[in-house]
file coords.cif (mmCIF, C-alpha atoms)
data_start
#
loop_
_atom_site.label_atom_id
_atom_site.label_comp_id
_atom_site.auth_asym_id
_atom_site.auth_seq_id
_atom_site.Cartn_x
_atom_site.Cartn_y
_atom_site.Cartn_z
CA MET A 891 -24.81 -27.48 22.07
CA ASN A 892 -26.53 -24.09 22.34
CA LEU A 893 -26.07 -21.20 19.94
CA ARG A 894 -23.77 -19.22 22.25
CA ALA A 895 -21.40 -22.15 22.67
CA THR A 896 -21.38 -22.74 18.91
CA ARG A 897 -20.40 -19.13 18.23
CA ARG A 898 -17.70 -19.26 20.89
CA ARG A 899 -16.27 -22.44 19.37
CA THR A 900 -16.28 -20.91 15.84
CA ALA A 901 -14.43 -17.77 17.00
CA LEU A 902 -11.88 -19.87 18.90
CA THR A 903 -11.28 -22.05 15.83
CA GLY A 904 -10.63 -18.94 13.69
CA LEU A 905 -8.08 -17.59 16.15
CA LEU A 906 -6.33 -20.95 16.34
CA VAL A 907 -6.00 -20.95 12.55
CA LEU A 908 -4.47 -17.47 12.65
CA ALA A 909 -2.14 -18.51 15.45
CA ALA A 910 -0.98 -21.50 13.43
CA CYS A 911 -0.03 -19.18 10.55
CA SER A 912 1.94 -16.90 12.85
CA SER A 913 3.89 -19.70 14.49
CA ALA A 914 5.51 -20.82 11.24
CA PRO A 915 9.24 -20.06 10.85
CA PRO A 916 10.08 -16.65 9.30
CA GLN A 917 11.04 -18.30 6.02
CA ALA A 918 7.74 -20.15 5.72
CA THR A 919 4.91 -18.89 3.51
CA GLN A 920 2.35 -16.82 5.42
CA GLN A 921 -0.97 -15.30 4.43
CA ALA A 922 -1.26 -11.54 3.98
CA THR A 923 -3.46 -9.38 6.21
CA LEU A 924 -5.58 -8.21 3.31
CA GLN A 925 -6.01 -11.80 2.08
CA ALA A 926 -8.03 -12.74 5.16
CA ALA A 927 -11.39 -11.66 3.76
CA SER A 928 -11.43 -13.89 0.69
CA PRO A 929 -9.04 -16.53 -0.66
CA ALA A 930 -7.49 -15.77 -4.01
CA PRO A 931 -8.82 -17.64 -7.04
CA ARG A 932 -6.37 -20.20 -8.35
CA SER A 933 -5.92 -18.37 -11.62
CA ALA A 934 -5.42 -14.89 -10.06
CA ALA A 935 -2.27 -13.13 -11.17
CA VAL A 936 0.04 -11.29 -8.77
CA ALA A 937 0.51 -8.38 -11.11
CA PRO A 938 -1.75 -6.92 -13.80
CA SER A 939 -1.20 -7.66 -17.45
CA PRO A 940 2.16 -6.36 -18.73
CA GLN A 941 2.34 -2.60 -19.16
CA ALA A 942 5.09 -0.09 -19.81
CA PRO A 943 7.39 -0.06 -16.75
CA ALA A 944 7.72 2.97 -14.51
CA GLU A 945 10.15 5.53 -15.87
CA VAL A 946 13.79 4.74 -15.13
CA GLY A 947 14.97 6.59 -12.04
CA ASN A 948 11.44 7.23 -10.74
CA GLU A 949 9.81 5.16 -8.02
CA LEU A 950 6.79 5.58 -5.74
CA ARG A 951 6.01 3.23 -2.87
CA VAL A 952 3.09 3.10 -0.46
CA LEU A 953 3.64 1.47 2.93
CA VAL A 954 0.53 -0.09 4.47
CA PHE A 955 0.68 -1.05 8.15
CA ARG A 956 -1.19 -3.83 9.92
CA GLY A 957 -3.68 -2.99 12.66
CA GLY A 958 -6.51 -4.46 14.72
CA SER A 959 -6.49 -6.31 18.02
CA ALA A 960 -4.84 -9.32 16.32
CA ALA A 961 -2.36 -7.25 14.30
CA ARG A 962 0.52 -9.55 15.21
CA PHE A 963 -1.03 -12.22 13.00
CA GLY A 964 -1.08 -9.91 9.97
CA HIS A 965 1.52 -8.34 7.73
CA ASN A 966 2.72 -4.93 6.67
CA HIS A 967 2.52 -4.38 2.92
CA VAL A 968 4.36 -2.33 0.32
CA LEU A 969 2.69 -1.23 -2.92
CA LEU A 970 4.78 -0.15 -5.90
CA ALA A 971 3.39 2.19 -8.57
CA GLY A 972 4.17 0.04 -11.59
CA ASP A 973 3.07 2.59 -14.20
CA LEU A 974 4.33 5.77 -12.53
CA ARG A 975 4.33 8.68 -15.00
CA VAL A 976 6.08 11.96 -14.24
CA ASP A 977 5.51 15.20 -16.15
CA TRP A 978 8.11 17.87 -15.42
CA ALA A 979 5.99 21.03 -15.47
CA ALA A 980 7.42 24.51 -14.88
CA GLY A 981 6.05 24.63 -11.33
CA GLY A 982 7.29 21.18 -10.40
CA PRO A 983 6.63 17.52 -11.20
CA VAL A 984 3.17 16.02 -11.69
CA LEU A 985 2.91 12.32 -10.78
CA ARG A 986 0.25 9.93 -12.05
CA PHE A 987 -0.31 6.23 -11.46
CA ARG A 988 -3.16 3.73 -11.58
CA LEU A 989 -4.25 1.69 -8.59
CA ASP A 990 -4.94 -1.34 -10.79
CA GLU A 991 -1.31 -1.24 -11.93
CA LEU A 992 0.14 -1.43 -8.42
CA THR A 993 2.65 -4.20 -7.81
CA ILE A 994 1.86 -5.88 -4.50
CA ASP A 995 4.66 -6.75 -2.07
CA PRO A 996 7.60 -7.17 -4.50
CA PRO A 997 10.11 -9.33 -2.58
CA GLU A 998 13.15 -7.20 -3.44
CA ILE A 999 11.54 -4.08 -2.00
CA ARG A 1000 10.25 -5.88 1.10
CA GLU A 1001 13.79 -7.05 1.75
CA ARG A 1002 15.07 -3.51 1.28
CA LEU A 1003 12.60 -2.14 3.85
CA GLY A 1004 13.95 -4.26 6.69
CA PRO A 1005 12.53 -6.39 9.53
CA ALA A 1006 9.03 -4.86 9.58
CA PHE A 1007 8.52 -6.28 6.08
CA ALA A 1008 10.62 -9.42 6.48
CA SER A 1009 7.79 -11.99 6.28
CA LEU A 1010 7.66 -13.87 2.99
CA LEU A 1011 4.43 -13.81 0.98
CA ASP A 1012 3.74 -16.26 -1.83
CA ASP A 1013 1.92 -15.62 -5.11
CA GLN A 1014 -1.45 -16.67 -3.71
CA ALA A 1015 -1.10 -14.34 -0.71
CA ARG A 1016 -0.17 -11.39 -2.94
CA ALA A 1017 -3.05 -12.15 -5.32
CA GLY A 1018 -5.49 -12.24 -2.41
CA THR A 1019 -4.09 -8.96 -1.11
CA ARG A 1020 -4.58 -7.40 -4.55
CA ALA A 1021 -8.22 -8.49 -4.79
CA ASN A 1022 -9.14 -7.10 -1.39
CA LEU A 1023 -7.09 -3.95 -1.85
CA MET A 1024 -8.75 -3.07 -5.15
CA LYS A 1025 -12.15 -3.51 -3.51
CA ALA A 1026 -11.26 -1.46 -0.43
CA LEU A 1027 -9.87 1.41 -2.53
CA ASP A 1028 -12.78 1.30 -5.01
CA ALA A 1029 -10.16 1.12 -7.76
CA GLU A 1030 -12.62 0.26 -10.50
CA ALA A 1031 -14.53 3.54 -10.05
CA HIS A 1032 -11.47 5.67 -9.17
CA PRO A 1033 -8.44 4.03 -10.82
CA GLU A 1034 -6.00 6.97 -10.99
CA VAL A 1035 -4.07 8.97 -8.40
CA VAL A 1036 -2.58 12.34 -9.38
CA VAL A 1037 -0.05 14.33 -7.33
CA ARG A 1038 0.53 17.85 -8.62
CA THR A 1039 3.19 20.24 -7.31
CA LEU A 1040 1.70 23.61 -6.34
CA GLN A 1041 4.67 25.43 -4.86
CA GLN A 1042 8.16 24.92 -3.50
CA VAL A 1043 9.71 26.79 -0.60
CA GLY A 1044 13.41 26.84 0.28
CA GLU A 1045 16.75 26.43 -1.43
CA GLY A 1046 19.62 24.01 -1.41
CA ASP A 1047 19.11 20.35 -0.57
CA ARG A 1048 15.95 20.75 1.54
CA ARG A 1049 12.61 21.99 0.18
CA ALA A 1050 9.09 22.32 1.55
CA VAL A 1051 6.68 21.35 -1.20
CA GLU A 1052 2.94 21.87 -1.27
CA ALA A 1053 1.18 19.26 -3.37
CA GLU A 1054 -2.38 18.74 -4.56
CA ILE A 1055 -3.41 15.09 -4.33
CA SER A 1056 -6.41 13.76 -6.25
CA TRP A 1057 -7.57 10.32 -5.14
CA HIS A 1058 -10.91 8.52 -4.84
CA GLY A 1059 -12.77 11.44 -6.39
CA LEU A 1060 -11.48 13.97 -3.84
CA THR A 1061 -8.63 16.51 -3.93
CA ARG A 1062 -6.60 17.50 -0.88
CA ARG A 1063 -3.58 19.74 -0.33
CA GLN A 1064 -0.60 18.61 1.70
CA TRP A 1065 2.89 19.86 2.58
CA LEU A 1066 5.87 17.51 2.49
CA VAL A 1067 9.64 17.74 2.85
CA VAL A 1068 11.76 16.84 -0.17
CA ALA A 1069 15.52 16.26 -0.23
CA VAL A 1070 17.12 17.49 -3.46
CA ASP A 1071 20.48 16.40 -4.84
CA GLY A 1072 21.11 17.81 -8.30
CA ARG A 1073 18.51 16.27 -10.61
CA HIS A 1074 17.40 13.77 -7.96
CA ALA A 1075 14.65 14.28 -5.38
CA ARG A 1076 13.52 12.06 -2.54
CA GLY A 1077 10.48 12.68 -0.35
CA GLU A 1078 7.97 11.15 2.01
CA ALA A 1079 4.42 11.98 3.02
CA VAL A 1080 1.75 10.57 5.34
CA LEU A 1081 -1.75 10.25 3.88
CA ARG A 1082 -4.87 9.21 5.75
CA GLN A 1083 -7.30 7.11 3.77
CA SER A 1084 -10.23 8.63 5.67
CA ASP A 1085 -9.28 12.10 4.38
CA PHE A 1086 -10.18 10.81 0.91
CA GLY A 1087 -13.43 9.13 1.92
CA ILE A 1088 -11.93 5.63 2.12
CA VAL A 1089 -12.77 3.26 4.97
CA PRO A 1090 -9.58 1.35 5.91
CA PHE A 1091 -9.77 -2.39 5.24
CA THR A 1092 -10.88 -4.57 8.16
CA VAL A 1093 -12.08 -8.16 8.69
CA LEU A 1094 -13.27 -10.38 11.52
CA GLY A 1095 -14.92 -7.51 13.36
CA GLY A 1096 -11.69 -5.52 13.53
CA LEU A 1097 -9.39 -8.36 14.61
CA LEU A 1098 -7.35 -7.77 11.46
CA ALA A 1099 -7.20 -4.40 9.73
CA VAL A 1100 -4.93 -1.91 8.03
CA GLN A 1101 -4.20 1.39 9.70
CA ASP A 1102 -5.69 4.60 8.35
CA ALA A 1103 -2.33 6.33 7.85
CA LEU A 1104 -0.22 5.35 4.83
CA VAL A 1105 3.38 6.34 4.22
CA VAL A 1106 4.11 7.39 0.62
CA GLN A 1107 7.76 7.42 -0.42
CA PHE A 1108 9.05 8.60 -3.77
CA GLU A 1109 12.33 9.04 -5.63
CA LEU A 1110 12.45 11.09 -8.83
CA THR A 1111 15.12 11.88 -11.40
CA GLN A 1112 14.65 14.85 -13.70
CA PRO A 1113 15.75 14.12 -17.28
#
call {"tool": "encode", "arguments": {"input": "coords.cif", "output": "structure tokens"}}
result
Amino acid sequence: MNLRATRRRTALTGLLVLAACSSAPPQATQQATLQAASPAPRSAAVAPSPQAPAEVGNELRVLVFRGGSAARFGHNHVLLAGDLRVDWAAGGPVLRFRLDELTIDPPEIRERLGPAFASLLDDQARAGTRANLMKALDAEAHPEVVVRTLQQVGEGDRRAVEAEISWHGLTRRQWLVVAVDGRHARGEAVLRQSDFGIVPFTVLGGLLAVQDALVVQFELTQP
């Protein structure tokens, strides 16, 4: 068998393996998109060592969407800021969280997000996703993300908020819309990893990848 035929057979085998994963029933365990690059070690934990939980009434989620020419074999992911800290400054809230404290694909939140996140991921899949995610985001060198409110425009239950976001050693400004109800605020923003010098995760020559744009959702309660 010549070299070209060998390569063709190897690529075909890889796609057949991916297809086998995707053909399992929705309730069956499937591998995560980000797990494709390297299998999780048997002893890997899904979540980091126990830390103080995020403040009651405050939550920040990051939605990561599958991409690549074989995206249908991958999964969308949701990341929860497990150590979210909120300082209520005079100009508006300042949010801080660590990438190495992210909770990966918590089942209760995946269920809450609907069909696009309906696939079930087991502990090994989530651990593999964590390992590859931390590497892709360079979390060891840049562990913390800070979102600082710069100004608020508007009154009533709808505000335009300009925020300063520090991530991966870079700082960018961004406007977002926030819904306000008494002491509660809910907002959403779209961040592009490439704007912060991050190359979106990809494997198998782009067959499986995550999209550049991330959706950040947050809910805050002022004490």
call {"tool": "resolve_selection", "arguments": {"input": "coords.cif", "expression": "the PyMOL selection byres ((chain A and resi 1034) around 6)", "output": "mmCIF file with C-alpha atoms, keeping the file's coordinate frame"}}
result
data_model
loop_
_atom_site.group_PDB
_atom_site.id
_atom_site.type_symbol
_atom_site.label_atom_id
_atom_site.label_comp_id
_atom_site.auth_asym_id
_atom_site.auth_seq_id
_atom_site.Cartn_x
_atom_site.Cartn_y
_atom_site.Cartn_z
ATOM 1 C CA PHE A 987 -0.310 6.230 -11.460
ATOM 2 C CA ARG A 988 -3.160 3.730 -11.580
ATOM 3 C CA HIS A 1032 -11.470 5.670 -9.170
ATOM 4 C CA PRO A 1033 -8.440 4.030 -10.820
ATOM 5 C CA VAL A 1035 -4.070 8.970 -8.400
#
call {"tool": "resolve_selection", "arguments": {"input": "coords.cif", "expression": "the PyMOL selection byres ((chain A and resi 1029) around 12)", "output": "ChimeraX atom specification"}}
result
/A:987-992,1020-1028,1030-1035,1057-1059,1088
call {"tool": "write_last_selection", "arguments": {"input": "coords.cif", "atoms": "C-alpha atoms", "output": "mmCIF file, keeping the file's coordinate frame"}}
result
data_model
loop_
_atom_site.group_PDB
_atom_site.id
_atom_site.type_symbol
_atom_site.label_atom_id
_atom_site.label_comp_id
_atom_site.auth_asym_id
_atom_site.auth_seq_id
_atom_site.Cartn_x
_atom_site.Cartn_y
_atom_site.Cartn_z
ATOM 1 C CA PHE A 987 -0.310 6.230 -11.460
ATOM 2 C CA ARG A 988 -3.160 3.730 -11.580
ATOM 3 C CA LEU A 989 -4.250 1.690 -8.590
ATOM 4 C CA ASP A 990 -4.940 -1.340 -10.790
ATOM 5 C CA GLU A 991 -1.310 -1.240 -11.930
ATOM 6 C CA LEU A 992 0.140 -1.430 -8.420
ATOM 7 C CA ARG A 1020 -4.580 -7.400 -4.550
ATOM 8 C CA ALA A 1021 -8.220 -8.490 -4.790
ATOM 9 C CA ASN A 1022 -9.140 -7.100 -1.390
ATOM 10 C CA LEU A 1023 -7.090 -3.950 -1.850
ATOM 11 C CA MET A 1024 -8.750 -3.070 -5.150
ATOM 12 C CA LYS A 1025 -12.150 -3.510 -3.510
ATOM 13 C CA ALA A 1026 -11.260 -1.460 -0.430
ATOM 14 C CA LEU A 1027 -9.870 1.410 -2.530
ATOM 15 C CA ASP A 1028 -12.780 1.300 -5.010
ATOM 16 C CA GLU A 1030 -12.620 0.260 -10.500
ATOM 17 C CA ALA A 1031 -14.530 3.540 -10.050
ATOM 18 C CA HIS A 1032 -11.470 5.670 -9.170
ATOM 19 C CA PRO A 1033 -8.440 4.030 -10.820
ATOM 20 C CA GLU A 1034 -6.000 6.970 -10.990
ATOM 21 C CA VAL A 1035 -4.070 8.970 -8.400
ATOM 22 C CA TRP A 1057 -7.570 10.320 -5.140
ATOM 23 C CA HIS A 1058 -10.910 8.520 -4.840
ATOM 24 C CA GLY A 1059 -12.770 11.440 -6.390
ATOM 25 C CA ILE A 1088 -11.930 5.630 2.120
#
call {"tool": "resolve_selection", "arguments": {"input": "coords.cif", "expression": "the PyMOL selection byres ((chain A and resi 974) around 7)", "output": "PyMOL selection string"}}
result
chain A and resi 944-945+971-973+975-976+985-987
call {"tool": "closest_residue", "arguments": {"input": "coords.cif", "among": "A:Leu1104, A:Arg956, A:His1074, A:Gln1064", "to": "Asp1047 (chain A)", "atoms": "all atoms listed in the file"}}
result
A:His1074
call {"tool": "residues_around", "arguments": {"input": "coords.cif", "residues": "Arg1062 (chain A)", "least_positions_apart": "5", "cutoff": "12 Å", "atoms": "all atoms listed in the file", "output": "VMD selection string"}}
result
chain A and resid 1035 to 1038 1040 1052 to 1057 1081 to 1087
call {"tool": "write_last_selection", "arguments": {"input": "coords.cif", "atoms": "C-alpha atoms", "output": "PDB file, keeping the file's coordinate frame"}}
result
ATOM      1  CA  VAL A1035      -4.070   8.970  -8.400  1.00  0.00           C
ATOM      2  CA  VAL A1036      -2.580  12.340  -9.380  1.00  0.00           C
ATOM      3  CA  VAL A1037      -0.050  14.330  -7.330  1.00  0.00           C
ATOM      4  CA  ARG A1038       0.530  17.850  -8.620  1.00  0.00           C
ATOM      5  CA  LEU A1040       1.700  23.610  -6.340  1.00  0.00           C
ATOM      6  CA  GLU A1052       2.940  21.870  -1.270  1.00  0.00           C
ATOM      7  CA  ALA A1053       1.180  19.260  -3.370  1.00  0.00           C
ATOM      8  CA  GLU A1054      -2.380  18.740  -4.560  1.00  0.00           C
ATOM      9  CA  ILE A1055      -3.410  15.090  -4.330  1.00  0.00           C
ATOM     10  CA  SER A1056      -6.410  13.760  -6.250  1.00  0.00           C
ATOM     11  CA  TRP A1057      -7.570  10.320  -5.140  1.00  0.00           C
ATOM     12  CA  LEU A1081      -1.750  10.250   3.880  1.00  0.00           C
ATOM     13  CA  ARG A1082      -4.870   9.210   5.750  1.00  0.00           C
ATOM     14  CA  GLN A1083      -7.300   7.110   3.770  1.00  0.00           C
ATOM     15  CA  SER A1084     -10.230   8.630   5.670  1.00  0.00           C
ATOM     16  CA  ASP A1085      -9.280  12.100   4.380  1.00  0.00           C
ATOM     17  CA  PHE A1086     -10.180  10.810   0.910  1.00  0.00           C
ATOM     18  CA  GLY A1087     -13.430   9.130   1.920  1.00  0.00           C
TER      19      GLY A1087
END
call {"tool": "atom_distance", "arguments": {"input": "coords.cif", "atom1": "CA of Val1051 (chain A)", "atom2": "CA of Leu970 (chain A)"}}
result
22.1 Å
call {"tool": "residues_near_point", "arguments": {"input": "coords.cif", "point": "(-1.6, -1.7, 4.8)", "cutoff": "9 Å", "atoms": "only C-alpha atoms", "output": "tab-separated table (two decimals) with C-alpha atoms, in the frame of the given file"}}
result
chain	number	residue	atom	x	y	z
A	923	THR	CA	-3.46	-9.38	6.21
A	924	LEU	CA	-5.58	-8.21	3.31
A	952	VAL	CA	3.09	3.10	-0.46
A	953	LEU	CA	3.64	1.47	2.93
A	954	VAL	CA	0.53	-0.09	4.47
A	955	PHE	CA	0.68	-1.05	8.15
A	956	ARG	CA	-1.19	-3.83	9.92
A	957	GLY	CA	-3.68	-2.99	12.66
A	965	HIS	CA	1.52	-8.34	7.73
A	966	ASN	CA	2.72	-4.93	6.67
A	967	HIS	CA	2.52	-4.38	2.92
A	968	VAL	CA	4.36	-2.33	0.32
A	969	LEU	CA	2.69	-1.23	-2.92
A	1023	LEU	CA	-7.09	-3.95	-1.85
A	1090	PRO	CA	-9.58	1.35	5.91
A	1091	PHE	CA	-9.77	-2.39	5.24
A	1099	ALA	CA	-7.20	-4.40	9.73
A	1100	VAL	CA	-4.93	-1.91	8.03
A	1101	GLN	CA	-4.20	1.39	9.70
A	1102	ASP	CA	-5.69	4.60	8.35
A	1103	ALA	CA	-2.33	6.33	7.85
A	1104	LEU	CA	-0.22	5.35	4.83
call {"tool": "atom_distance", "arguments": {"input": "coords.cif", "atom1": "CA of Val1080 (chain A)", "atom2": "CA of Asp1013 (chain A)"}}
result
28.2 Å
call {"tool": "residues_near_point", "arguments": {"input": "coords.cif", "point": "(4.1, -12.3, 1.5)", "cutoff": "9 Å", "atoms": "all atoms listed in the file", "output": "MDAnalysis selection string"}}
result
chainID A and resid 919:922 965 967 995:997 1000 1007:1016
call {"tool": "write_last_selection", "arguments": {"input": "coords.cif", "atoms": "C-alpha atoms", "output": "PDB file, in the coordinates of the input"}}
result
ATOM      1  CA  THR A 919       4.910 -18.890   3.510  1.00  0.00           C
ATOM      2  CA  GLN A 920       2.350 -16.820   5.420  1.00  0.00           C
ATOM      3  CA  GLN A 921      -0.970 -15.300   4.430  1.00  0.00           C
ATOM      4  CA  ALA A 922      -1.260 -11.540   3.980  1.00  0.00           C
ATOM      5  CA  HIS A 965       1.520  -8.340   7.730  1.00  0.00           C
ATOM      6  CA  HIS A 967       2.520  -4.380   2.920  1.00  0.00           C
ATOM      7  CA  ASP A 995       4.660  -6.750  -2.070  1.00  0.00           C
ATOM      8  CA  PRO A 996       7.600  -7.170  -4.500  1.00  0.00           C
ATOM      9  CA  PRO A 997      10.110  -9.330  -2.580  1.00  0.00           C
ATOM     10  CA  ARG A1000      10.250  -5.880   1.100  1.00  0.00           C
ATOM     11  CA  PHE A1007       8.520  -6.280   6.080  1.00  0.00           C
ATOM     12  CA  ALA A1008      10.620  -9.420   6.480  1.00  0.00           C
ATOM     13  CA  SER A1009       7.790 -11.990   6.280  1.00  0.00           C
ATOM     14  CA  LEU A1010       7.660 -13.870   2.990  1.00  0.00           C
ATOM     15  CA  LEU A1011       4.430 -13.810   0.980  1.00  0.00           C
ATOM     16  CA  ASP A1012       3.740 -16.260  -1.830  1.00  0.00           C
ATOM     17  CA  ASP A1013       1.920 -15.620  -5.110  1.00  0.00           C
ATOM     18  CA  GLN A1014      -1.450 -16.670  -3.710  1.00  0.00           C
ATOM     19  CA  ALA A1015      -1.100 -14.340  -0.710  1.00  0.00           C
ATOM     20  CA  ARG A1016      -0.170 -11.390  -2.940  1.00  0.00           C
TER      21      ARG A1016
END
call {"tool": "closest_residue", "arguments": {"input": "coords.cif", "among": "A:Gln1042, A:Thr1061, A:Thr1111, A:Thr1019", "to": "Arg1076 (chain A)", "atoms": "all atoms listed in the file"}}
result
A:Thr1111
call {"tool": "residues_around", "arguments": {"input": "coords.cif", "residues": "region 1093-1097 of chain A", "least_positions_apart": "3", "cutoff": "6 Å", "atoms": "only C-alpha atoms", "output": "ChimeraX atom specification"}}
result
/A:958-960
call {"tool": "closest_residue", "arguments": {"input": "coords.cif", "among": "A:Ile994, A:Ile999, A:Val1043, A:Ala1079", "to": "Arg1063 (chain A)", "atoms": "only C-alpha atoms"}}
result
A:Ala1079
